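The file entry_2.txt contains compact mmCIF, C-alpha atoms and all ligand atoms:
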# COMPACT_ATOMS: atom_id res chain seq x y z
CA MET O 1 11.21 21.41 31.79
CA ASN O 2 12.16 17.82 31.01
CA MET O 3 14.45 16.78 28.16
CA GLN O 4 11.58 15.68 25.92
CA SER O 5 9.69 18.98 26.05
CA LYS O 6 12.97 20.92 25.57
CA ASN O 7 13.61 18.93 22.41
CA GLY O 8 10.03 19.53 21.29
CA LEU O 9 10.44 23.30 21.78
CA LEU O 10 13.70 23.27 19.85
CA LEU O 11 12.05 21.42 17.00
CA ILE O 12 9.21 23.98 16.84
CA LYS O 13 11.74 26.84 16.83
CA LEU O 14 13.73 25.21 14.03
CA LEU O 15 10.59 24.55 11.98
CA THR O 16 9.43 28.18 12.39
CA LEU O 17 12.86 29.48 11.37
CA ASN O 18 12.89 27.14 8.41
CA SER O 19 9.48 28.24 7.14
CA LEU O 20 10.50 31.91 7.55
CA LEU O 21 13.65 31.26 5.53
CA VAL O 22 11.67 29.47 2.81
CA LEU O 23 9.24 32.40 2.70
CA CYS O 24 12.09 34.93 2.39
CA ALA O 25 13.87 32.91 -0.28
CA SER O 26 10.80 32.38 -2.41
CA GLN O 27 9.45 35.94 -2.30
CA ASP O 28 12.27 38.30 -3.03
CA PHE O 29 10.13 41.38 -3.76
CA ASP O 30 7.84 43.82 -1.95
CA PHE O 31 5.27 44.92 -4.51
CA PHE O 32 4.53 44.91 -8.25
CA TYR O 33 4.64 47.63 -10.85
CA PHE O 34 1.72 47.25 -13.22
CA VAL O 35 2.84 48.95 -16.42
CA GLN O 36 0.53 50.05 -19.20
CA GLN O 37 1.67 51.39 -22.53
CA TRP O 38 0.30 53.82 -25.09
CA PRO O 39 0.79 52.06 -28.47
CA GLY O 40 1.00 55.34 -30.38
CA SER O 41 4.11 56.25 -28.40
CA TYR O 42 5.77 52.90 -29.09
CA CYS O 43 5.09 53.21 -32.80
CA ASP O 44 5.92 56.85 -33.62
CA THR O 45 9.54 56.50 -32.50
CA LYS O 46 12.69 56.12 -34.62
CA GLN O 47 12.54 52.36 -34.03
CA GLY O 48 8.90 52.14 -35.20
CA CYS O 49 6.62 49.15 -34.69
CA CYS O 50 4.85 46.33 -36.48
CA TYR O 51 1.22 45.50 -35.89
CA PRO O 52 0.53 41.99 -34.64
CA LYS O 53 -0.48 39.32 -37.16
CA ILE O 54 -4.16 39.64 -36.23
CA GLY O 55 -4.16 43.35 -37.12
CA LYS O 56 -3.87 46.83 -35.63
CA PRO O 57 -4.49 46.87 -31.87
CA ALA O 58 -7.27 48.99 -30.40
CA SER O 59 -6.59 52.66 -29.78
CA ASP O 60 -6.23 52.05 -26.05
CA PHE O 61 -3.58 51.49 -23.42
CA GLY O 62 -2.13 47.97 -23.54
CA ILE O 63 -0.35 45.99 -20.85
CA HIS O 64 3.44 45.95 -20.86
CA GLY O 65 3.95 43.94 -17.72
CA LEU O 66 3.47 43.10 -14.07
CA TRP O 67 6.88 43.46 -12.48
CA PRO O 68 7.94 42.35 -9.00
CA ASN O 69 9.98 45.16 -7.40
CA ARG O 70 11.66 45.87 -4.09
CA ASN O 71 11.14 48.82 -1.77
CA ASP O 72 14.76 49.89 -2.32
CA GLY O 73 14.02 50.35 -6.04
CA SER O 74 15.87 47.24 -7.21
CA TYR O 75 14.13 44.25 -8.74
CA PRO O 76 14.74 40.55 -9.24
CA SER O 77 14.77 39.17 -12.78
CA ASN O 78 14.94 35.83 -14.61
CA CYS O 79 14.33 33.90 -11.41
CA ASP O 80 13.60 30.38 -12.64
CA SER O 81 14.91 29.02 -15.93
CA SER O 82 13.36 25.65 -15.06
CA ASN O 83 9.88 27.13 -15.51
CA PRO O 84 9.93 28.70 -18.99
CA PHE O 85 6.94 30.30 -20.67
CA ASP O 86 4.48 27.72 -21.96
CA SER O 87 1.70 29.21 -24.07
CA SER O 88 -0.44 26.07 -23.64
CA LYS O 89 -0.93 27.11 -20.00
CA ILE O 90 -2.76 30.28 -21.06
CA SER O 91 -4.62 29.04 -24.12
CA ASP O 92 -7.94 30.07 -22.54
CA LEU O 93 -6.62 33.66 -22.20
CA MET O 94 -5.39 34.06 -25.79
CA ARG O 95 -8.19 36.27 -27.06
CA GLN O 96 -7.86 38.66 -24.15
CA MET O 97 -4.06 38.60 -24.37
CA GLN O 98 -4.25 39.58 -28.02
CA SER O 99 -6.56 42.50 -27.35
CA ASP O 100 -5.17 43.79 -24.02
CA TRP O 101 -1.46 42.85 -24.19
CA PRO O 102 -0.64 43.58 -27.84
CA THR O 103 2.80 42.98 -29.25
CA LEU O 104 4.22 45.79 -31.36
CA SER O 105 7.72 44.52 -32.07
CA CYS O 106 9.00 43.76 -35.56
CA PRO O 107 8.72 41.66 -37.57
CA SER O 108 4.98 41.23 -37.13
CA ASN O 109 4.26 38.29 -34.84
CA ASP O 110 1.65 36.61 -32.65
CA GLY O 111 2.81 38.04 -29.29
CA LEU O 112 4.25 34.86 -27.81
CA THR O 113 7.79 36.28 -27.81
CA PHE O 114 6.73 39.40 -25.87
CA TRP O 115 4.60 37.47 -23.36
CA GLY O 116 7.33 34.83 -22.99
CA HIS O 117 9.88 37.56 -22.27
CA GLU O 118 7.61 39.06 -19.61
CA TRP O 119 7.03 35.69 -17.92
CA ASP O 120 10.68 34.58 -18.08
CA LYS O 121 12.11 37.92 -16.89
CA HIS O 122 9.47 39.08 -14.39
CA GLY O 123 6.80 36.43 -13.89
CA THR O 124 9.22 33.75 -12.67
CA CYS O 125 10.17 36.08 -9.80
CA SER O 126 6.65 35.97 -8.38
CA GLU O 127 5.94 32.29 -9.05
CA SER O 128 5.54 31.69 -5.30
CA ILE O 129 2.38 33.86 -5.54
CA LEU O 130 1.22 33.41 -9.12
CA ASP O 131 1.70 30.49 -11.49
CA GLN O 132 1.80 31.25 -15.23
CA HIS O 133 -1.92 31.27 -15.66
CA GLY O 134 -2.38 33.33 -12.50
CA TYR O 135 0.29 35.80 -13.56
CA PHE O 136 -1.33 36.62 -16.89
CA SER O 137 -4.94 36.46 -15.69
CA THR O 138 -4.11 38.78 -12.77
CA ALA O 139 -2.59 41.35 -15.12
CA LEU O 140 -5.58 41.10 -17.46
CA ASN O 141 -7.96 41.63 -14.53
CA LEU O 142 -5.99 44.61 -13.22
CA GLU O 143 -6.28 46.18 -16.67
CA THR O 144 -10.05 46.09 -16.51
CA GLU O 145 -10.12 47.73 -13.06
CA ILE O 146 -8.97 51.16 -14.14
CA ASP O 147 -9.87 52.63 -17.52
CA ILE O 148 -6.96 55.01 -17.98
CA LEU O 149 -7.96 56.25 -21.42
CA LYS O 150 -11.45 57.10 -20.20
CA ALA O 151 -10.01 58.86 -17.14
CA LEU O 152 -7.83 61.00 -19.39
CA GLN O 153 -10.58 61.70 -21.92
CA ASN O 154 -12.99 62.71 -19.14
CA ALA O 155 -10.40 65.29 -18.15
CA GLY O 156 -10.20 66.58 -21.73
CA ILE O 157 -6.91 64.82 -22.45
CA GLN O 158 -7.18 63.15 -25.86
CA PRO O 159 -4.74 61.13 -27.96
CA ASN O 160 -4.65 63.75 -30.70
CA GLY O 161 -1.03 64.81 -30.89
CA GLN O 162 -1.56 67.82 -28.63
CA THR O 163 0.52 68.67 -25.60
CA TYR O 164 -0.80 68.40 -22.06
CA SER O 165 0.65 69.24 -18.68
CA LEU O 166 2.14 66.27 -16.85
CA SER O 167 0.30 67.31 -13.69
CA SER O 168 -3.09 67.27 -15.46
CA ILE O 169 -2.38 63.71 -16.66
CA LYS O 170 -1.35 62.54 -13.19
CA ASP O 171 -4.35 64.26 -11.59
CA ALA O 172 -6.81 62.63 -14.00
CA ILE O 173 -5.44 59.14 -13.29
CA LYS O 174 -5.30 59.76 -9.53
CA GLY O 175 -8.88 61.07 -9.64
CA ALA O 176 -10.19 57.98 -11.43
CA SER O 177 -8.09 55.30 -9.72
CA GLY O 178 -7.46 56.76 -6.29
CA TYR O 179 -3.70 56.14 -6.73
CA ASN O 180 -0.76 58.28 -7.77
CA PRO O 181 0.71 57.00 -11.05
CA TRP O 182 4.25 57.37 -12.31
CA ILE O 183 4.49 58.48 -15.92
CA GLN O 184 7.27 57.39 -18.23
CA CYS O 185 7.97 59.38 -21.37
CA ASN O 186 9.84 58.55 -24.52
CA LYS O 187 10.62 60.57 -27.64
CA ASP O 188 8.83 60.61 -30.95
CA GLU O 189 10.79 60.70 -34.20
CA SER O 190 11.26 64.48 -33.93
CA GLY O 191 12.51 64.25 -30.36
CA ASN O 192 9.36 65.49 -28.59
CA SER O 193 8.70 64.05 -25.12
CA GLN O 194 5.49 62.03 -25.09
CA LEU O 195 3.30 59.93 -22.79
CA TYR O 196 4.68 56.38 -23.12
CA GLN O 197 3.91 54.22 -20.06
CA ILE O 198 1.88 54.49 -16.87
CA TYR O 199 3.04 52.76 -13.69
CA LEU O 200 0.67 51.84 -10.89
CA CYS O 201 1.53 49.64 -7.93
CA VAL O 202 0.01 46.40 -6.70
CA ASP O 203 0.52 44.73 -3.33
CA SER O 204 2.86 41.73 -3.01
CA SER O 205 0.04 39.20 -3.04
CA ALA O 206 -1.34 40.78 -6.23
CA SER O 207 -4.72 41.38 -4.67
CA GLY O 208 -5.12 45.06 -5.52
CA PHE O 209 -3.66 48.48 -6.19
CA ILE O 210 -1.64 50.31 -3.53
CA GLU O 211 0.26 53.60 -3.41
CA CYS O 212 3.73 53.03 -4.86
CA PRO O 213 6.35 52.48 -2.12
CA VAL O 214 8.96 53.91 -4.52
CA PHE O 215 8.91 55.37 -8.02
CA PRO O 216 11.40 54.61 -10.80
CA HIS O 217 13.91 57.31 -11.74
CA GLY O 218 13.67 59.62 -14.71
CA SER O 219 11.17 62.25 -15.57
CA CYS O 220 9.10 63.75 -18.35
CA GLY O 221 9.02 67.42 -19.21
CA SER O 222 6.31 69.46 -17.49
CA SER O 223 4.24 69.22 -20.64
CA ILE O 224 4.12 66.18 -22.91
CA GLU O 225 2.56 65.08 -26.14
CA PHE O 226 -0.23 62.50 -26.35
CA PRO O 227 0.06 61.07 -29.87
CA SER O 228 -2.77 59.50 -31.77
CA PHE O 229 -2.88 55.82 -32.61
P1 LIG S 301 11.11 44.63 -19.95
O1 LIG S 301 12.39 43.84 -20.25
O2 LIG S 301 10.02 43.83 -19.34
O3 LIG S 301 11.42 45.92 -19.23
O4 LIG S 301 10.53 45.05 -21.36
C1 LIG S 301 11.30 45.72 -22.27
C2 LIG S 301 11.30 44.95 -23.56
O5 LIG S 301 9.96 44.77 -24.00
C3 LIG S 301 12.04 45.67 -24.66
O6 LIG S 301 12.75 44.72 -25.40
C4 LIG S 301 10.91 46.26 -25.48
O7 LIG S 301 11.29 46.43 -26.81
C5 LIG S 301 9.85 45.22 -25.33
N1 LIG S 301 8.51 45.75 -25.51
C6 LIG S 301 7.95 46.78 -24.88
N2 LIG S 301 6.69 46.97 -25.29
C7 LIG S 301 6.45 46.04 -26.24
C8 LIG S 301 5.35 45.72 -27.06
N3 LIG S 301 4.19 46.40 -26.98
N4 LIG S 301 5.48 44.70 -27.93
C9 LIG S 301 6.63 43.99 -28.00
N5 LIG S 301 7.70 44.23 -27.26
C10 LIG S 301 7.63 45.26 -26.39
Could you express the structure from this file as structure tokens?
Amino acid sequence: MNMQSKNGLLLIKLLTLNSLLVLCASQDFDFFYFVQQWPGSYCDTKQGCCYPKIGKPASDFGIHGLWPNRNDGSYPSNCDSSNPFDSSKISDLMRQMQSDWPTLSCPSNDGLTFWGHEWDKHGTCSESILDQHGYFSTALNLETEIDILKALQNAGIQPNGQTYSLSSIKDAIKGASGYNPWIQCNKDESGNSQLYQIYLCVDSSASGFIECPVFPHGSCGSSIEFPSF
């Protein structure tokens, strides 16, 4: 091999290494958690809730977030302060954001604080895959893919304040979606464990649901309440 082709080979190797490094540095996560929330379980707690300015959200699961996560259970956060939330980038999504990603924090507000928190903390960590508009529109689309409330209701599990077995809830969601969910509980004002959030997993390019590589820690009781809203 002459000197020129040796140099050429070296350059190709360096370029390949460089692009691999750039890829690793810009995508510091392995998958996403897509987290949906039962509003009744946010509101009936000691902390309580406030309905958004436009009025009481629908009696349905809402989005909490789309969170980049690593296979070892850790997750990156607040990855790019130079790219803060800018609501003008999602003005075409506002109606759907208000109905499917409702804010419940107090005092009553328009949701921009909640959505901004989700973008700044989680969204900036997947900006190599999804820009702001892509991040929110992807989450909104994922929400429409699996109707969790319908899946539960079809299995006789209603938001009526009754108690259901955790396994029946998981089975109903697995049956309808094809994927094993992780259920997060919280406590109502009297300290009863209740269905709070549902975690499903999405592949690292945000193209569809996958089985979760790892579940968060913590657990619900074997039977949990499903409050009304
Ligand atoms: P995160 O930091 O993404 O894990 O989200 C947790 C934060 O989101 C906490 O400050 C919660 O109080 C807040 N949060 C969760 N659900 C809602 C909601 N529906 N509306 C407003 N804030 C919320």
Of the candidates O:Ser126, O:Asn71, O:Ser137, O:Gln47, which one gets nearest to Ser91 of chain O if we count all atoms listed in the file?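 Closest to Ser91 of chain O of all the choices is O:Ser137.
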Could the residues that lie within 10 Å of ligand LIG 301 (chain S), counting all atoms listed in the file, be listed as a count of residues only? 44
If you measure from atom CA of Val214 of chain O to atom CA of Pro76 of chain O, what distance in Å do you get, rounded to one decimal?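 Computed distance, atom CA of Val214 of chain O to atom CA of Pro76 of chain O, equals 15.3 Å.
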What is the distance, in Å and to one decimal place, between atom CA of Lys150 of chain O and atom CA of Gly116 of chain O?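 A separation of 29.3 Å between them.
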Tell me which protein, DNA and RNA residues are within 8 Å of Glu211 of chain O, counting all atoms listed in the file, leaving out same-chain ones fewer than 4 positions away, and put them as a PyMOL selection string. chain O and resi 179-180+200-202
Prev. selection, C-alpha atoms, output as a compact mmCIF listing (two decimals), in the frame of the given file:
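Below you can see part36.txt, which holds the result:
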# COMPACT_ATOMS: atom_id res chain seq x y z
CA TYR O 179 -3.70 56.14 -6.73
CA ASN O 180 -0.76 58.28 -7.77
CA LEU O 200 0.67 51.84 -10.89
CA CYS O 201 1.53 49.64 -7.93
CA VAL O 202 0.01 46.40 -6.70
Show me the residues around (8.2, 29.6, -11.0) - criterion: an atom at most 10 Å away, only C-alpha atoms counted - as a compact mmCIF listing (two decimals) with C-alpha atoms, keeping the file's coordinate frame.
# COMPACT_ATOMS: atom_id res chain seq x y z
CA SER O 26 10.80 32.38 -2.41
CA ASN O 78 14.94 35.83 -14.61
CA CYS O 79 14.33 33.90 -11.41
CA ASP O 80 13.60 30.38 -12.64
CA SER O 81 14.91 29.02 -15.93
CA SER O 82 13.36 25.65 -15.06
CA ASN O 83 9.88 27.13 -15.51
CA PRO O 84 9.93 28.70 -18.99
CA PHE O 85 6.94 30.30 -20.67
CA TRP O 119 7.03 35.69 -17.92
CA ASP O 120 10.68 34.58 -18.08
CA GLY O 123 6.80 36.43 -13.89
CA THR O 124 9.22 33.75 -12.67
CA CYS O 125 10.17 36.08 -9.80
CA SER O 126 6.65 35.97 -8.38
CA GLU O 127 5.94 32.29 -9.05
CA SER O 128 5.54 31.69 -5.30
CA ILE O 129 2.38 33.86 -5.54
CA LEU O 130 1.22 33.41 -9.12
CA ASP O 131 1.70 30.49 -11.49
CA GLN O 132 1.80 31.25 -15.23
Have a look at atom CA of Phe31 of chain O and atom CA of Ser205 of chain O and let me know their distance in Å, one decimal. 7.9 Å
O:Asn69, O:Gln184, O:Ser87, O:Asn141 ranked by distance to Asp100 of chain O, top pick (using only C-alpha atoms): O:Asn141
At a cut-off of 12 Å around the point (-4.0, 67.3, -25.3) (file coordinates), what residues fall inside when counting all atoms listed in the file? I'd like the answer as a ChimeraX atom specification. /O:152-166,168-169,194-195,223-228
Please, could you write that set of residues out with C-alpha atoms as a CSV table (one decimal), in the coordinates of the input?
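Output file result21.csv is given in full below:
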chain,number,residue,atom,x,y,z
O,152,LEU,CA,-7.8,61.0,-19.4
O,153,GLN,CA,-10.6,61.7,-21.9
O,154,ASN,CA,-13.0,62.7,-19.1
O,155,ALA,CA,-10.4,65.3,-18.2
O,156,GLY,CA,-10.2,66.6,-21.7
O,157,ILE,CA,-6.9,64.8,-22.4
O,158,GLN,CA,-7.2,63.2,-25.9
O,159,PRO,CA,-4.7,61.1,-28.0
O,160,ASN,CA,-4.6,63.8,-30.7
O,161,GLY,CA,-1.0,64.8,-30.9
O,162,GLN,CA,-1.6,67.8,-28.6
O,163,THR,CA,0.5,68.7,-25.6
O,164,TYR,CA,-0.8,68.4,-22.1
O,165,SER,CA,0.6,69.2,-18.7
O,166,LEU,CA,2.1,66.3,-16.8
O,168,SER,CA,-3.1,67.3,-15.5
O,169,ILE,CA,-2.4,63.7,-16.7
O,194,GLN,CA,5.5,62.0,-25.1
O,195,LEU,CA,3.3,59.9,-22.8
O,223,SER,CA,4.2,69.2,-20.6
O,224,ILE,CA,4.1,66.2,-22.9
O,225,GLU,CA,2.6,65.1,-26.1
O,226,PHE,CA,-0.2,62.5,-26.4
O,227,PRO,CA,0.1,61.1,-29.9
O,228,SER,CA,-2.8,59.5,-31.8
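Distance check against Thr45 of chain O using only C-alpha atoms: of O:Ala206, O:Cys185, O:Ile198, O:Cys220, the minimum falls on O:Cys185.
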Would you mind telling me which residue in O:Ser222, O:Ser88, O:Thr144, O:Ser74 lies nearest to Ser167 of chain O when using all atoms listed in the file? O:Ser222
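With only C-alpha atoms as the atoms that count, the minimum distance from Gly48 of chain O to the choices O:Gln98, O:Pro107, O:Leu142, O:Ser177 is reached by O:Pro107.
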Give the answer as one residue: which of O:Ala172, O:Ile90, O:Met97, O:Ala151 has the shortest atom-to-atom distance to His133 of chain O, using all atoms listed in the file?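 Closest residue, counting all atoms listed in the file: O:Ile90.
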Please return the centre and edge lengths, in Å to one decimal, of a box with edges along x, y and z that contains all listed atoms of segment 89-99 of chain O, widened by 5 Å on every side, as AutoDock Vina command-line options.
--center_x -4.6 --center_y 34.8 --center_z -24.0 --size_x 17.3 --size_y 25.4 --size_z 18.0
My structure is short of atoms at segment 154-165 of chain O; please model all heavy atoms there, returning them as an mmCIF file, in the frame of the given file.
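Full text of out.cif as output:
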data_model
loop_
_atom_site.group_PDB
_atom_site.id
_atom_site.type_symbol
_atom_site.label_atom_id
_atom_site.label_comp_id
_atom_site.auth_asym_id
_atom_site.auth_seq_id
_atom_site.Cartn_x
_atom_site.Cartn_y
_atom_site.Cartn_z
ATOM 1 N N ASN O 154 -12.040 61.964 -19.983
ATOM 2 C CA ASN O 154 -12.990 62.710 -19.140
ATOM 3 C C ASN O 154 -12.400 64.025 -18.643
ATOM 4 O O ASN O 154 -13.121 64.946 -18.293
ATOM 5 C CB ASN O 154 -13.424 61.869 -17.940
ATOM 6 C CG ASN O 154 -14.389 60.769 -18.347
ATOM 7 O OD1 ASN O 154 -14.949 60.805 -19.450
ATOM 8 N ND2 ASN O 154 -14.593 59.794 -17.481
ATOM 9 N N ALA O 155 -11.068 64.056 -18.587
ATOM 10 C CA ALA O 155 -10.400 65.290 -18.150
ATOM 11 C C ALA O 155 -10.000 66.152 -19.344
ATOM 12 O O ALA O 155 -9.226 67.106 -19.197
ATOM 13 C CB ALA O 155 -9.178 64.927 -17.309
ATOM 14 N N GLY O 156 -10.490 65.788 -20.530
ATOM 15 C CA GLY O 156 -10.200 66.580 -21.730
ATOM 16 C C GLY O 156 -8.838 66.285 -22.344
ATOM 17 O O GLY O 156 -8.338 67.052 -23.165
ATOM 18 N N ILE O 157 -8.245 65.184 -21.936
ATOM 19 C CA ILE O 157 -6.910 64.820 -22.450
ATOM 20 C C ILE O 157 -7.080 63.716 -23.488
ATOM 21 O O ILE O 157 -7.418 62.572 -23.153
ATOM 22 C CB ILE O 157 -6.011 64.362 -21.275
ATOM 23 C CG1 ILE O 157 -5.861 65.508 -20.270
ATOM 24 C CG2 ILE O 157 -4.658 63.879 -21.774
ATOM 25 C CD1 ILE O 157 -5.320 65.085 -18.911
ATOM 26 N N GLN O 158 -6.884 64.075 -24.754
ATOM 27 C CA GLN O 158 -7.180 63.150 -25.860
ATOM 28 C C GLN O 158 -5.909 62.740 -26.595
ATOM 29 O O GLN O 158 -4.990 63.548 -26.729
ATOM 30 C CB GLN O 158 -8.071 63.862 -26.905
ATOM 31 C CG GLN O 158 -9.304 64.524 -26.351
ATOM 32 C CD GLN O 158 -10.460 63.553 -26.176
ATOM 33 O OE1 GLN O 158 -10.323 62.351 -26.484
ATOM 34 N NE2 GLN O 158 -11.575 64.044 -25.677
ATOM 35 N N PRO O 159 -5.892 61.516 -27.132
ATOM 36 C CA PRO O 159 -4.740 61.130 -27.960
ATOM 37 C C PRO O 159 -4.847 61.751 -29.356
ATOM 38 O O PRO O 159 -5.261 61.097 -30.316
ATOM 39 C CB PRO O 159 -4.867 59.594 -28.026
ATOM 40 C CG PRO O 159 -6.306 59.304 -27.782
ATOM 41 C CD PRO O 159 -6.872 60.417 -26.963
ATOM 42 N N ASN O 160 -4.475 63.015 -29.433
ATOM 43 C CA ASN O 160 -4.650 63.750 -30.700
ATOM 44 C C ASN O 160 -3.395 64.505 -31.113
ATOM 45 O O ASN O 160 -3.452 65.406 -31.937
ATOM 46 C CB ASN O 160 -5.831 64.722 -30.573
ATOM 47 C CG ASN O 160 -5.650 65.652 -29.378
ATOM 48 O OD1 ASN O 160 -4.583 65.644 -28.754
ATOM 49 N ND2 ASN O 160 -6.659 66.440 -29.071
ATOM 50 N N GLY O 161 -2.279 64.143 -30.512
ATOM 51 C CA GLY O 161 -1.030 64.810 -30.890
ATOM 52 C C GLY O 161 -0.810 66.138 -30.199
ATOM 53 O O GLY O 161 0.220 66.778 -30.400
ATOM 54 N N GLN O 162 -1.762 66.559 -29.357
ATOM 55 C CA GLN O 162 -1.560 67.820 -28.630
ATOM 56 C C GLN O 162 -0.722 67.588 -27.383
ATOM 57 O O GLN O 162 -0.475 66.451 -26.976
ATOM 58 C CB GLN O 162 -2.920 68.406 -28.255
ATOM 59 C CG GLN O 162 -3.615 69.055 -29.442
ATOM 60 C CD GLN O 162 -4.919 69.716 -29.051
ATOM 61 O OE1 GLN O 162 -5.117 70.105 -27.898
ATOM 62 N NE2 GLN O 162 -5.820 69.832 -29.995
ATOM 63 N N THR O 163 -0.337 68.718 -26.783
ATOM 64 C CA THR O 163 0.520 68.670 -25.600
ATOM 65 C C THR O 163 -0.306 68.978 -24.360
ATOM 66 O O THR O 163 -1.166 69.858 -24.389
ATOM 67 C CB THR O 163 1.648 69.704 -25.788
ATOM 68 O OG1 THR O 163 2.458 69.245 -26.876
ATOM 69 C CG2 THR O 163 2.506 69.847 -24.578
ATOM 70 N N TYR O 164 -0.061 68.220 -23.313
ATOM 71 C CA TYR O 164 -0.800 68.400 -22.060
ATOM 72 C C TYR O 164 0.185 68.494 -20.902
ATOM 73 O O TYR O 164 1.302 67.952 -20.973
ATOM 74 C CB TYR O 164 -1.736 67.203 -21.830
ATOM 75 C CG TYR O 164 -2.774 67.053 -22.923
ATOM 76 C CD1 TYR O 164 -2.537 66.231 -24.021
ATOM 77 C CD2 TYR O 164 -3.977 67.755 -22.868
ATOM 78 C CE1 TYR O 164 -3.470 66.107 -25.038
ATOM 79 C CE2 TYR O 164 -4.926 67.634 -23.876
ATOM 80 C CZ TYR O 164 -4.661 66.809 -24.966
ATOM 81 O OH TYR O 164 -5.588 66.689 -25.968
ATOM 82 N N SER O 165 -0.265 69.139 -19.814
ATOM 83 C CA SER O 165 0.650 69.240 -18.680
ATOM 84 C C SER O 165 0.718 67.880 -17.989
ATOM 85 O O SER O 165 -0.281 67.164 -17.871
ATOM 86 C CB SER O 165 0.203 70.336 -17.706
ATOM 87 O OG SER O 165 -0.841 69.867 -16.889
#
